[in-house]
$ cat protein24.cif   # mmCIF, C-alpha atoms
data_run
#
loop_
_atom_site.group_PDB
_atom_site.id
_atom_site.type_symbol
_atom_site.label_atom_id
_atom_site.label_comp_id
_atom_site.auth_asym_id
_atom_site.auth_seq_id
_atom_site.Cartn_x
_atom_site.Cartn_y
_atom_site.Cartn_z
ATOM 1 C CA LEU A 10 0.000 0.000 0.000
ATOM 2 C CA THR A 11 1.114 3.631 -0.174
ATOM 3 C CA ALA A 12 0.721 7.332 0.707
ATOM 4 C CA PRO A 13 1.103 10.996 -0.392
ATOM 5 C CA LEU A 14 3.803 12.498 -2.525
ATOM 6 C CA PRO A 15 6.968 13.717 -0.755
ATOM 7 C CA VAL A 16 6.622 17.401 -0.019
ATOM 8 C CA SER A 17 10.222 18.158 -1.024
ATOM 9 C CA PHE A 18 9.810 17.312 -4.686
ATOM 10 C CA PRO A 19 11.218 19.907 -7.097
ATOM 11 C CA TRP A 20 7.945 21.653 -7.879
ATOM 12 C CA GLY A 21 9.829 24.855 -8.716
ATOM 13 C CA LEU A 22 11.247 23.362 -11.903
ATOM 14 C CA LYS A 23 9.676 24.695 -15.082
ATOM 15 C CA CYS A 24 7.813 22.247 -17.287
ATOM 16 C CA ARG A 25 8.143 22.434 -21.060
ATOM 17 C CA THR A 26 4.683 22.663 -22.534
ATOM 18 C CA ARG A 27 5.691 23.415 -26.110
ATOM 19 C CA SER A 28 5.275 20.761 -28.764
ATOM 20 C CA CYS A 29 8.012 18.153 -28.910
ATOM 21 C CA ILE A 30 9.657 17.401 -32.228
ATOM 22 C CA LEU A 31 11.713 14.414 -31.072
ATOM 23 C CA PRO A 32 11.248 11.105 -32.885
ATOM 24 C CA ARG A 33 8.169 9.157 -31.899
ATOM 25 C CA PRO A 34 9.013 5.712 -30.488
ATOM 26 C CA ASN A 35 7.038 2.623 -31.377
ATOM 27 C CA CYS A 36 4.664 2.630 -28.411
ATOM 28 C CA THR A 37 2.267 -0.290 -28.855
ATOM 29 C CA MET A 38 1.377 -0.932 -25.227
ATOM 30 C CA PHE A 39 -2.350 -0.182 -25.490
ATOM 31 C CA ARG A 40 -4.708 0.475 -28.380
ATOM 32 C CA GLY A 41 -8.221 1.882 -28.249
ATOM 33 C CA SER A 42 -10.195 5.062 -27.687
ATOM 34 C CA ARG A 43 -9.848 4.989 -23.884
ATOM 35 C CA ASN A 44 -6.318 3.618 -23.829
ATOM 36 C CA GLY A 45 -3.450 5.996 -23.219
ATOM 37 C CA ALA A 46 0.242 5.349 -23.809
ATOM 38 C CA ALA A 47 3.415 7.318 -23.235
ATOM 39 C CA ALA A 48 7.074 6.552 -23.976
ATOM 40 C CA LEU A 49 10.360 8.201 -23.075
ATOM 41 C CA GLY A 50 13.931 7.404 -24.117
ATOM 42 C CA LEU A 51 16.992 8.783 -22.273
ATOM 43 C CA ARG A 52 20.654 8.625 -23.316
ATOM 44 C CA LEU A 53 23.909 9.987 -21.915
ATOM 45 C CA VAL A 54 25.263 12.604 -24.342
ATOM 46 C CA GLY A 55 28.350 14.665 -23.561
ATOM 47 C CA GLY A 56 28.246 13.677 -19.896
ATOM 48 C CA ARG A 57 24.598 14.735 -19.429
ATOM 49 C CA THR A 58 21.388 12.799 -19.827
ATOM 50 C CA ARG A 59 19.311 13.876 -22.802
ATOM 51 C CA ILE A 60 15.859 12.939 -24.077
ATOM 52 C CA THR A 61 16.188 11.103 -27.377
ATOM 53 C CA SER A 62 12.554 10.086 -27.875
ATOM 54 C CA ILE A 63 9.223 11.059 -26.348
ATOM 55 C CA SER A 64 5.545 10.530 -27.150
ATOM 56 C CA HIS A 65 2.188 10.369 -25.390
ATOM 57 C CA ARG A 66 -1.461 9.769 -26.205
ATOM 58 C CA ALA A 67 -4.409 10.740 -23.974
ATOM 59 C CA PRO A 68 -5.246 9.982 -21.274
ATOM 60 C CA ALA A 69 -1.505 9.481 -20.608
ATOM 61 C CA ARG A 70 0.976 12.366 -20.722
ATOM 62 C CA VAL A 71 4.685 12.785 -20.022
ATOM 63 C CA PHE A 72 6.527 16.126 -19.943
ATOM 64 C CA PRO A 73 10.266 16.826 -19.685
ATOM 65 C CA VAL A 74 11.293 19.188 -16.916
ATOM 66 C CA GLU A 75 14.006 21.801 -17.365
ATOM 67 C CA ASN A 76 16.860 21.642 -14.873
ATOM 68 C CA HIS A 77 20.629 22.029 -14.762
ATOM 69 C CA ASP A 78 21.568 18.681 -13.279
ATOM 70 C CA PRO A 79 23.180 15.765 -15.123
ATOM 71 C CA ALA A 80 19.812 14.012 -14.782
ATOM 72 C CA VAL A 81 16.568 14.485 -16.716
ATOM 73 C CA GLY A 82 13.359 15.041 -14.801
ATOM 74 C CA PHE A 83 10.010 14.146 -16.291
ATOM 75 C CA LEU A 84 6.475 14.690 -15.122
ATOM 76 C CA MET A 85 3.935 11.884 -15.466
ATOM 77 C CA SER A 86 0.460 13.304 -15.856
ATOM 78 C CA GLY A 87 -2.950 12.841 -17.384
ATOM 79 C CA TYR A 88 -6.116 14.746 -18.250
ATOM 80 C CA GLY A 89 -8.297 15.784 -15.335
ATOM 81 C CA GLY A 90 -6.004 14.415 -12.628
ATOM 82 C CA GLY A 91 -7.599 10.990 -12.439
ATOM 83 C CA LEU A 92 -8.784 7.783 -14.063
ATOM 84 C CA VAL A 93 -12.140 6.064 -14.379
ATOM 85 C CA SER A 94 -13.123 2.438 -14.652
ATOM 86 C CA GLY A 95 -12.153 0.995 -18.001
ATOM 87 C CA ASP A 96 -9.185 3.312 -18.580
ATOM 88 C CA ARG A 97 -5.898 1.655 -19.508
ATOM 89 C CA VAL A 98 -2.723 3.713 -19.279
ATOM 90 C CA GLY A 99 0.820 2.627 -20.104
ATOM 91 C CA LEU A 100 4.293 4.149 -19.832
ATOM 92 C CA GLU A 101 7.448 2.800 -21.469
ATOM 93 C CA LEU A 102 10.891 3.981 -20.310
ATOM 94 C CA ASP A 103 14.246 3.236 -21.919
ATOM 95 C CA LEU A 104 17.485 4.393 -20.259
ATOM 96 C CA GLY A 105 20.812 3.968 -22.027
ATOM 97 C CA PRO A 106 24.170 3.293 -20.311
ATOM 98 C CA GLY A 107 24.931 5.861 -17.596
ATOM 99 C CA ALA A 108 21.687 7.819 -18.060
ATOM 100 C CA THR A 109 19.762 9.238 -15.095
ATOM 101 C CA GLY A 110 16.014 9.829 -15.012
ATOM 102 C CA PHE A 111 13.697 11.044 -12.261
ATOM 103 C CA GLY A 112 9.930 10.854 -12.727
ATOM 104 C CA TRP A 113 7.164 12.130 -10.490
ATOM 105 C CA MET A 114 3.579 13.410 -10.644
ATOM 106 C CA GLN A 115 1.876 16.674 -9.714
ATOM 107 C CA GLY A 116 -0.136 14.920 -7.036
ATOM 108 C CA SER A 117 -2.236 11.868 -6.348
ATOM 109 C CA THR A 118 -4.149 9.886 -8.960
ATOM 110 C CA LYS A 119 -7.865 9.623 -8.240
ATOM 111 C CA VAL A 120 -9.573 6.468 -9.466
ATOM 112 C CA SER A 121 -13.358 6.666 -9.851
ATOM 113 C CA LYS A 122 -16.033 4.124 -10.582
ATOM 114 C CA GLY A 123 -17.409 4.865 -14.027
ATOM 115 C CA ASN A 124 -20.837 4.113 -15.420
ATOM 116 C CA THR A 125 -19.489 1.130 -17.339
ATOM 117 C CA GLY A 126 -17.680 -0.434 -14.378
ATOM 118 C CA GLY A 127 -14.589 -2.533 -15.017
ATOM 119 C CA VAL A 128 -11.014 -2.300 -13.809
ATOM 120 C CA CYS A 129 -8.750 0.682 -14.369
ATOM 121 C CA GLN A 130 -5.363 -0.642 -15.512
ATOM 122 C CA GLN A 131 -1.929 0.959 -15.427
ATOM 123 C CA SER A 132 1.302 -0.466 -16.804
ATOM 124 C CA ILE A 133 4.868 0.837 -16.466
ATOM 125 C CA THR A 134 7.790 -0.908 -18.143
ATOM 126 C CA GLY A 135 11.421 0.102 -17.998
ATOM 127 C CA GLN A 136 14.649 -0.954 -19.682
ATOM 128 C CA ILE A 137 17.655 0.199 -17.631
ATOM 129 C CA ALA A 138 21.169 -0.217 -19.043
ATOM 130 C CA THR A 139 24.446 -0.643 -17.158
ATOM 131 C CA GLY A 140 25.330 2.372 -14.997
ATOM 132 C CA ALA A 141 21.917 4.001 -15.450
ATOM 133 C CA LEU A 142 19.634 5.125 -12.617
ATOM 134 C CA LEU A 143 15.847 5.406 -12.787
ATOM 135 C CA VAL A 144 13.879 6.973 -9.924
ATOM 136 C CA LEU A 145 10.072 6.785 -10.119
ATOM 137 C CA ALA A 146 8.196 8.542 -7.316
ATOM 138 C CA PRO A 147 4.593 9.098 -8.425
ATOM 139 C CA GLY A 148 1.893 10.294 -6.096
ATOM 140 C CA PRO A 149 -0.391 7.800 -4.373
ATOM 141 C CA ILE A 150 -3.393 6.102 -5.877
ATOM 142 C CA VAL A 151 -6.617 7.359 -4.239
ATOM 143 C CA PRO A 152 -9.343 4.840 -5.112
ATOM 144 C CA GLY A 153 -12.919 6.022 -4.768
ATOM 145 C CA ALA A 154 -15.831 3.987 -3.478
ATOM 146 C CA GLY A 155 -16.626 1.005 -5.682
ATOM 147 C CA SER A 156 -13.627 1.525 -7.976
ATOM 148 C CA ALA A 157 -11.223 -1.176 -9.126
ATOM 149 C CA PHE A 158 -7.546 -0.556 -9.948
ATOM 150 C CA SER A 159 -4.713 -2.794 -11.148
ATOM 151 C CA ARG A 160 -1.082 -1.825 -11.838
ATOM 152 C CA LEU A 161 1.899 -3.786 -13.121
ATOM 153 C CA GLN A 162 5.426 -2.299 -13.067
ATOM 154 C CA GLN A 163 8.178 -4.288 -14.764
ATOM 155 C CA PHE A 164 11.805 -3.186 -14.935
ATOM 156 C CA ARG A 165 14.534 -5.048 -16.782
ATOM 157 C CA CYS A 166 17.909 -4.098 -15.301
ATOM 158 C CA ALA A 167 21.307 -4.800 -16.843
ATOM 159 C CA PRO A 168 24.240 -5.635 -14.510
ATOM 160 C CA GLY A 169 25.214 -2.436 -12.657
ATOM 161 C CA ALA A 170 21.864 -0.715 -13.319
ATOM 162 C CA SER A 171 20.063 1.054 -10.456
ATOM 163 C CA LEU A 172 16.378 1.561 -9.711
ATOM 164 C CA VAL A 173 14.264 3.297 -7.060
ATOM 165 C CA VAL A 174 10.482 2.830 -7.286
ATOM 166 C CA VAL A 175 7.823 4.251 -4.962
ATOM 167 C CA ASP A 176 4.343 2.730 -4.927
ATOM 168 C CA GLY A 177 1.515 3.870 -2.675
ATOM 169 C CA VAL A 178 -2.209 3.851 -2.011
ATOM 170 C CA GLU A 179 -4.380 5.996 0.257
ATOM 171 C CA CYS A 180 -7.617 5.061 1.989
ATOM 172 C CA GLY A 181 -9.758 7.053 -0.431
ATOM 173 C CA HIS A 182 -11.754 10.264 -0.134
ATOM 174 C CA ALA A 183 -11.660 10.394 3.658
ATOM 175 C CA ALA A 184 -13.125 13.927 3.783
ATOM 176 C CA ARG A 185 -16.306 12.506 2.231
ATOM 177 C CA GLY A 186 -16.390 9.580 4.630
ATOM 178 C CA GLU A 187 -14.919 7.088 2.125
ATOM 179 C CA ARG A 188 -12.274 4.919 3.791
ATOM 180 C CA TRP A 189 -11.057 1.758 2.059
ATOM 181 C CA ALA A 190 -14.405 1.570 0.266
ATOM 182 C CA PHE A 191 -13.024 0.573 -3.157
ATOM 183 C CA SER A 192 -13.910 -2.723 -4.784
ATOM 184 C CA SER A 193 -10.340 -3.890 -5.398
ATOM 185 C CA TYR A 194 -6.774 -2.640 -5.561
ATOM 186 C CA ALA A 195 -3.754 -4.543 -6.853
ATOM 187 C CA SER A 196 -0.210 -3.372 -7.564
ATOM 188 C CA ARG A 197 2.815 -5.453 -8.497
ATOM 189 C CA THR A 198 6.433 -4.389 -9.043
ATOM 190 C CA GLU A 199 8.838 -6.795 -10.747
ATOM 191 C CA VAL A 200 12.588 -6.448 -11.316
ATOM 192 C CA LEU A 201 14.049 -8.703 -13.999
ATOM 193 C CA ALA A 202 17.617 -9.340 -15.100
ATOM 194 C CA ASP A 203 18.387 -8.018 -18.574
ATOM 195 C CA GLY A 204 18.751 -10.875 -21.031
ATOM 196 C CA GLY A 205 17.621 -13.446 -18.491
ATOM 197 C CA SER A 206 14.772 -15.869 -19.040
ATOM 198 C CA ASP A 207 14.165 -16.894 -15.416
ATOM 199 C CA GLY A 208 11.513 -14.274 -14.738
ATOM 200 C CA ALA A 209 11.569 -11.643 -12.014
ATOM 201 C CA TRP A 210 14.156 -11.974 -9.256
ATOM 202 C CA LEU A 211 12.397 -9.362 -7.091
ATOM 203 C CA VAL A 212 8.634 -9.034 -6.687
ATOM 204 C CA ASP A 213 6.756 -6.611 -4.432
ATOM 205 C CA ALA A 214 3.000 -7.077 -4.635
ATOM 206 C CA LYS A 215 -0.081 -5.796 -2.845
ATOM 207 C CA ALA A 216 -3.688 -6.890 -3.307
ATOM 208 C CA LEU A 217 -6.734 -5.610 -1.413
ATOM 209 C CA ASP A 218 -10.444 -6.116 -1.866
ATOM 210 C CA GLN A 219 -13.527 -6.017 0.301
ATOM 211 C CA GLY A 220 -12.778 -9.552 1.460
ATOM 212 C CA SER A 221 -9.403 -8.529 2.909
ATOM 213 C CA ALA A 222 -9.113 -8.810 6.678
ATOM 214 C CA GLY A 223 -9.547 -5.467 8.421
ATOM 215 C CA LEU A 224 -10.378 -3.550 5.264
ATOM 216 C CA GLY A 225 -13.161 -1.016 5.605
ATOM 217 C CA ALA A 226 -14.133 2.216 7.289
ATOM 218 C CA GLY A 227 -12.728 1.006 10.610
ATOM 219 C CA MET A 228 -9.207 0.437 9.283
ATOM 220 C CA GLU A 229 -6.935 2.852 11.125
ATOM 221 C CA LEU A 230 -4.229 3.210 8.473
ATOM 222 C CA GLY A 231 -4.604 6.109 6.096
ATOM 223 C CA ALA A 232 -1.880 5.187 3.621
ATOM 224 C CA VAL A 233 0.419 2.310 2.760
ATOM 225 C CA TRP A 234 3.553 2.587 0.625
ATOM 226 C CA SER A 235 6.371 0.421 -0.648
ATOM 227 C CA VAL A 236 9.818 1.480 -1.843
ATOM 228 C CA VAL A 237 12.122 -0.737 -3.891
ATOM 229 C CA ALA A 238 15.763 0.355 -4.174
ATOM 230 C CA VAL A 239 18.177 -1.721 -6.238
ATOM 231 C CA GLY A 240 21.697 -1.239 -7.559
ATOM 232 C CA PRO A 241 24.927 0.596 -6.718
ATOM 233 C CA ARG A 242 23.619 4.118 -7.398
ATOM 234 C CA ALA A 243 20.709 3.544 -5.012
ATOM 235 C CA GLY A 244 23.038 3.015 -2.049
ATOM 236 C CA GLU A 245 22.306 6.366 -0.368
ATOM 237 C CA VAL A 246 18.569 5.795 -0.594
ATOM 238 C CA GLN A 247 18.993 2.337 0.924
ATOM 239 C CA GLU A 248 20.948 3.804 3.840
ATOM 240 C CA GLU A 249 18.321 6.506 4.402
ATOM 241 C CA LEU A 250 15.471 3.985 4.372
ATOM 242 C CA THR A 251 17.233 1.920 7.031
ATOM 243 C CA ARG A 252 17.912 5.020 9.130
ATOM 244 C CA VAL A 253 14.327 6.291 8.887
ATOM 245 C CA ALA A 254 12.966 2.866 9.867
ATOM 246 C CA ALA A 255 15.207 2.879 12.942
ATOM 247 C CA ALA A 256 14.076 6.418 13.816
ATOM 248 C CA LEU A 257 10.404 5.413 13.561
ATOM 249 C CA ALA A 258 11.052 2.422 15.823
ATOM 250 C CA ALA A 259 12.808 4.704 18.328
ATOM 251 C CA ARG A 260 9.852 7.095 18.162
ATOM 252 C CA ALA A 261 7.504 4.244 19.084
ATOM 253 C CA VAL A 262 9.730 3.476 22.077
ATOM 254 C CA ALA A 263 9.673 7.144 23.068
ATOM 255 C CA ARG A 264 5.879 7.200 22.959
ATOM 256 C CA ALA A 265 5.885 4.195 25.281
ATOM 257 C CA GLY A 266 7.980 6.121 27.787
ATOM 258 C CA GLY A 267 11.485 5.486 26.509
ATOM 259 C CA ALA A 268 13.926 7.770 24.711
ATOM 260 C CA GLY A 269 14.568 8.216 21.008
ATOM 261 C CA GLY A 270 12.817 9.225 17.823
ATOM 262 C CA GLU A 271 14.178 12.772 17.740
ATOM 263 C CA ASP A 272 15.492 12.486 14.167
ATOM 264 C CA LEU A 273 12.047 12.726 12.579
ATOM 265 C CA PRO A 274 9.711 15.485 11.396
ATOM 266 C CA VAL A 275 6.614 16.242 13.451
ATOM 267 C CA LEU A 276 4.024 13.576 12.634
ATOM 268 C CA ALA A 277 0.284 13.797 13.220
ATOM 269 C CA GLY A 278 -0.216 10.144 14.086
ATOM 270 C CA VAL A 279 1.187 6.652 14.246
ATOM 271 C CA ALA A 280 3.685 5.580 11.574
ATOM 272 C CA HIS A 281 5.563 2.342 10.954
ATOM 273 C CA MET A 282 8.093 1.146 8.399
ATOM 274 C CA GLU A 283 9.232 -2.396 7.725
ATOM 275 C CA VAL A 284 12.535 -2.826 5.896
ATOM 276 C CA THR A 285 13.857 -5.943 4.189
ATOM 277 C CA GLU A 286 17.607 -5.607 3.591
ATOM 278 C CA GLN A 287 19.481 -7.785 1.103
ATOM 279 C CA ALA A 288 16.119 -8.510 -0.492
ATOM 280 C CA PHE A 289 15.932 -11.769 -2.399
ATOM 281 C CA GLY A 290 19.566 -12.523 -1.591
ATOM 282 C CA ARG A 291 20.962 -9.362 -3.225
ATOM 283 C CA GLU A 292 23.255 -7.155 -1.127
ATOM 284 C CA ASP A 293 22.355 -4.115 -3.254
ATOM 285 C CA ALA A 294 18.570 -4.496 -2.906
ATOM 286 C CA ILE A 295 16.167 -3.272 -0.239
ATOM 287 C CA VAL A 296 12.377 -3.172 0.093
ATOM 288 C CA ALA A 297 10.720 -0.790 2.571
ATOM 289 C CA ARG A 298 7.022 -0.648 3.432
ATOM 290 C CA PRO A 299 5.991 2.488 5.339
ATOM 291 C CA SER A 300 2.425 2.866 6.607
ATOM 292 C CA THR A 301 0.855 5.856 8.336
ATOM 293 C CA GLN A 302 -2.312 6.681 10.210
ATOM 294 C CA HIS A 303 -2.524 10.105 8.549
ATOM 295 C CA THR A 304 -1.938 10.431 4.815
ATOM 296 C CA ASP A 305 0.131 13.619 5.126
ATOM 297 C CA ASP A 306 2.634 11.858 7.384
ATOM 298 C CA ALA A 307 3.642 9.520 4.593
ATOM 299 C CA GLY A 308 4.804 12.463 2.498
ATOM 300 C CA ARG A 309 6.893 13.770 5.388
ATOM 301 C CA ILE A 310 8.545 10.400 5.907
ATOM 302 C CA LEU A 311 9.198 9.758 2.235
ATOM 303 C CA ALA A 312 10.723 13.223 1.877
ATOM 304 C CA MET A 313 13.430 12.170 4.349
ATOM 305 C CA TRP A 314 14.836 9.388 2.225
ATOM 306 C CA MET A 315 14.462 11.467 -0.933
ATOM 307 C CA ARG A 316 17.120 13.899 0.342
ATOM 308 C CA PRO A 317 20.089 12.063 -1.240
#
$ encode --input "protein24.cif" --output "structure tokens"
Amino acid sequence: LTAPLPVSFPWGLKCRTRSCILPRPNCTMFRGSRNGAAALGLRLVGGRTRITSISHRAPARVFPVENHDPAVGFLMSGYGGGLVSGDRVGLELDLGPGATGFGWMQGSTKVSKGNTGGVCQQSITGQIATGALLVLAPGPIVPGAGSAFSRLQQFRCAPGASLVVVDGVECGHAARGERWAFSSYASRTEVLADGGSDGAWLVDAKALDQGSAGLGAGMELGAVWSVVAVGPRAGEVQEELTRVAAALAARAVARAGGAGGEDLPVLAGVAHMEVTEQAFGREDAIVARPSTQHTDDAGRILAMWMRP
């Protein structure tokens, strides 16, 4: 599960809204009137990452972001700030050797139950070459009452490639009294070895429906997230995730009358984070699963490990 977008994201960066004349890649992920697809290719040119291909079709959109870093930022967006039942949206990413890409969203993605019903589907695939780093930190999914959402994220990493992926879901439209009232929610992140045929070596999956234990208006959690960090260039993020988890544990001890937990922002409620180091037998892989009582707290916690 997941939570809100880190508050320290670089919102001040200017987004290019002019038409793009770069070559259009062969994006064949989804076809149909309500199916959106976007694609982005990044390559290292002259020591800096450059966009070499970009395309999008409604209701999916992707915009490059102007900055002065060696990396390229890109904004994942849509039309209207949400999705309805029956929508299918796909994003394809291709990073060449040594390239660096950072993708985020303007906010959360609302999922609503449409008149036709059905499942809203989202797919993200990534090809990450040796020495490249891809960071994907979209906002949380906010499923409305009766909605159904399914997401599959697959990343094929060459030896020496690095990846950081954030995946989160909130309880719904709590201000309207909707808490965990959706029909179903499923999200799955897979990391595969480039050129391998043995399938995914790392899988992080979540599945919730109205038959799930504890799900409903009485569920205390407001947001559940997961963070997957893999590869040598994700080392600082891995260290921060471990440190933040320890700080949250110390904070729980402090609330029980002990000492500790000072190295945290002010939180409105209870927060936990489980960390699996050396995930799936890899020393350079970690999976963290933060959960918070208040949705805003998740953004504060995630902002801490985003500092590197």
$ resolve_selection --input "protein24.cif" --expression "the PyMOL selection byres ((chain A and resi 53) around 10)" --output "compact mmCIF listing (two decimals) with C-alpha atoms, in the coordinates of the input"
# COMPACT_ATOMS: atom_id res chain seq x y z
CA LEU A 51 16.99 8.78 -22.27
CA ARG A 52 20.65 8.62 -23.32
CA VAL A 54 25.26 12.60 -24.34
CA GLY A 55 28.35 14.66 -23.56
CA GLY A 56 28.25 13.68 -19.90
CA ARG A 57 24.60 14.74 -19.43
CA THR A 58 21.39 12.80 -19.83
CA ARG A 59 19.31 13.88 -22.80
CA ILE A 60 15.86 12.94 -24.08
CA THR A 61 16.19 11.10 -27.38
CA PRO A 79 23.18 15.76 -15.12
CA ALA A 80 19.81 14.01 -14.78
CA LEU A 104 17.48 4.39 -20.26
CA GLY A 105 20.81 3.97 -22.03
CA PRO A 106 24.17 3.29 -20.31
CA GLY A 107 24.93 5.86 -17.60
CA ALA A 108 21.69 7.82 -18.06
CA THR A 109 19.76 9.24 -15.10
CA ALA A 141 21.92 4.00 -15.45
$ atom_distance --input "protein24.cif" --atom1 "atom CA of A:Pro73" --atom2 "atom CA of A:Ser94"
27.9 Å
$ closest_residue --input "protein24.cif" --among "A:Thr118, A:Ser171, A:Thr139, A:Ser132" --to "A:Ser159" --atoms "only C-alpha atoms"
A:Ser132
$ atom_distance --input "protein24.cif" --atom1 "atom CA of A:Arg298" --atom2 "atom CA of A:Thr285"
8.7 Å
$ residues_near_point --input "protein24.cif" --point "(11.0, 14.1, -17.2)" --cutoff "9 Å" --atoms "only C-alpha atoms" --output "number ranges by chain"
A: 24, 49, 60, 71-75, 81-85, 110-113
$ residues_around --input "protein24.cif" --residues "A:Cys180" --least-positions-apart "2" --cutoff "7 Å" --atoms "all atoms listed in the file" --output "VMD selection string"
chain A and resid 151 178 182 to 183 188 to 189 231 to 232
$ atom_distance --input "protein24.cif" --atom1 "atom CA of A:Gln136" --atom2 "atom CA of A:Lys215"
22.9 Å
$ resolve_selection --input "protein24.cif" --expression "the PyMOL selection byres ((chain A and resi 154) around 12)" --output "PyMOL selection string"
chain A and resi 93-94+119-123+126+151-153+155-158+180-183+185-194+218-219+225-226
$ closest_residue --input "protein24.cif" --among "A:Ala214, A:Ala297, A:Ala280, A:Leu257" --to "A:Val173" --atoms "all atoms listed in the file"
A:Ala297
$ resolve_selection --input "protein24.cif" --expression "the PyMOL selection byres ((chain A and resi 69) around 12)" --output "NGL selection string"
:A and (38-39 or 43-48 or 64-68 or 70-72 or 84-92 or 96-101 or 114 or 118 or 130-133)
$ closest_residue --input "protein24.cif" --among "A:Leu161, A:Met313, A:Ala170, A:Ala277" --to "A:Ala216" --atoms "all atoms listed in the file"
A:Leu161
$ closest_residue --input "protein24.cif" --among "A:Gly240, A:Gly308, A:Gly290, A:Gly95" --to "A:Ala167" --atoms "only C-alpha atoms"
A:Gly240
$ closest_residue --input "protein24.cif" --among "A:Ser117, A:Ala146, A:Met315, A:Ser300" --to "A:Gly278" --atoms "only C-alpha atoms"
A:Ser300
$ decode --input "protein24.cif" --residues "stretch 44-55 of chain A" --atoms "N, CA, C and O atoms" --output "CSV table (one decimal), in the first residue's frame"
chain,number,residue,atom,x,y,z
A,44,ASN,N,-7.6,4.1,-24.2
A,44,ASN,CA,-6.3,3.6,-23.8
A,44,ASN,C,-5.2,4.7,-24.1
A,44,ASN,O,-5.1,5.1,-25.2
A,45,GLY,N,-4.5,5.0,-23.1
A,45,GLY,CA,-3.5,6.0,-23.2
A,45,GLY,C,-2.1,5.3,-23.1
A,45,GLY,O,-1.9,4.4,-22.4
A,46,ALA,N,-1.1,5.9,-23.8
A,46,ALA,CA,0.2,5.3,-23.8
A,46,ALA,C,1.2,6.5,-23.9
A,46,ALA,O,1.0,7.5,-24.6
A,47,ALA,N,2.3,6.3,-23.2
A,47,ALA,CA,3.4,7.3,-23.2
A,47,ALA,C,4.7,6.6,-23.3
A,47,ALA,O,4.8,5.4,-22.8
A,48,ALA,N,5.8,7.2,-23.9
A,48,ALA,CA,7.1,6.6,-24.0
A,48,ALA,C,8.2,7.6,-23.9
A,48,ALA,O,8.0,8.7,-24.4
A,49,LEU,N,9.3,7.3,-23.3
A,49,LEU,CA,10.4,8.2,-23.1
A,49,LEU,C,11.7,7.5,-23.2
A,49,LEU,O,11.9,6.4,-22.5
A,50,GLY,N,12.6,8.0,-24.0
A,50,GLY,CA,13.9,7.4,-24.1
A,50,GLY,C,15.0,8.4,-23.7
A,50,GLY,O,15.0,9.6,-24.0
A,51,LEU,N,15.9,7.9,-22.8
A,51,LEU,CA,17.0,8.8,-22.3
A,51,LEU,C,18.4,8.2,-22.6
A,51,LEU,O,18.6,7.0,-22.5
A,52,ARG,N,19.3,9.1,-23.0
A,52,ARG,CA,20.7,8.6,-23.3
A,52,ARG,C,21.7,9.6,-22.7
A,52,ARG,O,21.4,10.8,-22.6
A,53,LEU,N,22.8,9.1,-22.4
A,53,LEU,CA,23.9,10.0,-21.9
A,53,LEU,C,24.7,10.6,-23.1
A,53,LEU,O,25.3,9.8,-23.9
A,54,VAL,N,24.6,11.9,-23.2
A,54,VAL,CA,25.3,12.6,-24.3
A,54,VAL,C,26.2,13.7,-23.8
A,54,VAL,O,25.7,14.6,-23.1
A,55,GLY,N,27.4,13.6,-24.0
A,55,GLY,CA,28.3,14.7,-23.6
A,55,GLY,C,28.4,14.8,-22.0
A,55,GLY,O,28.5,15.9,-21.5
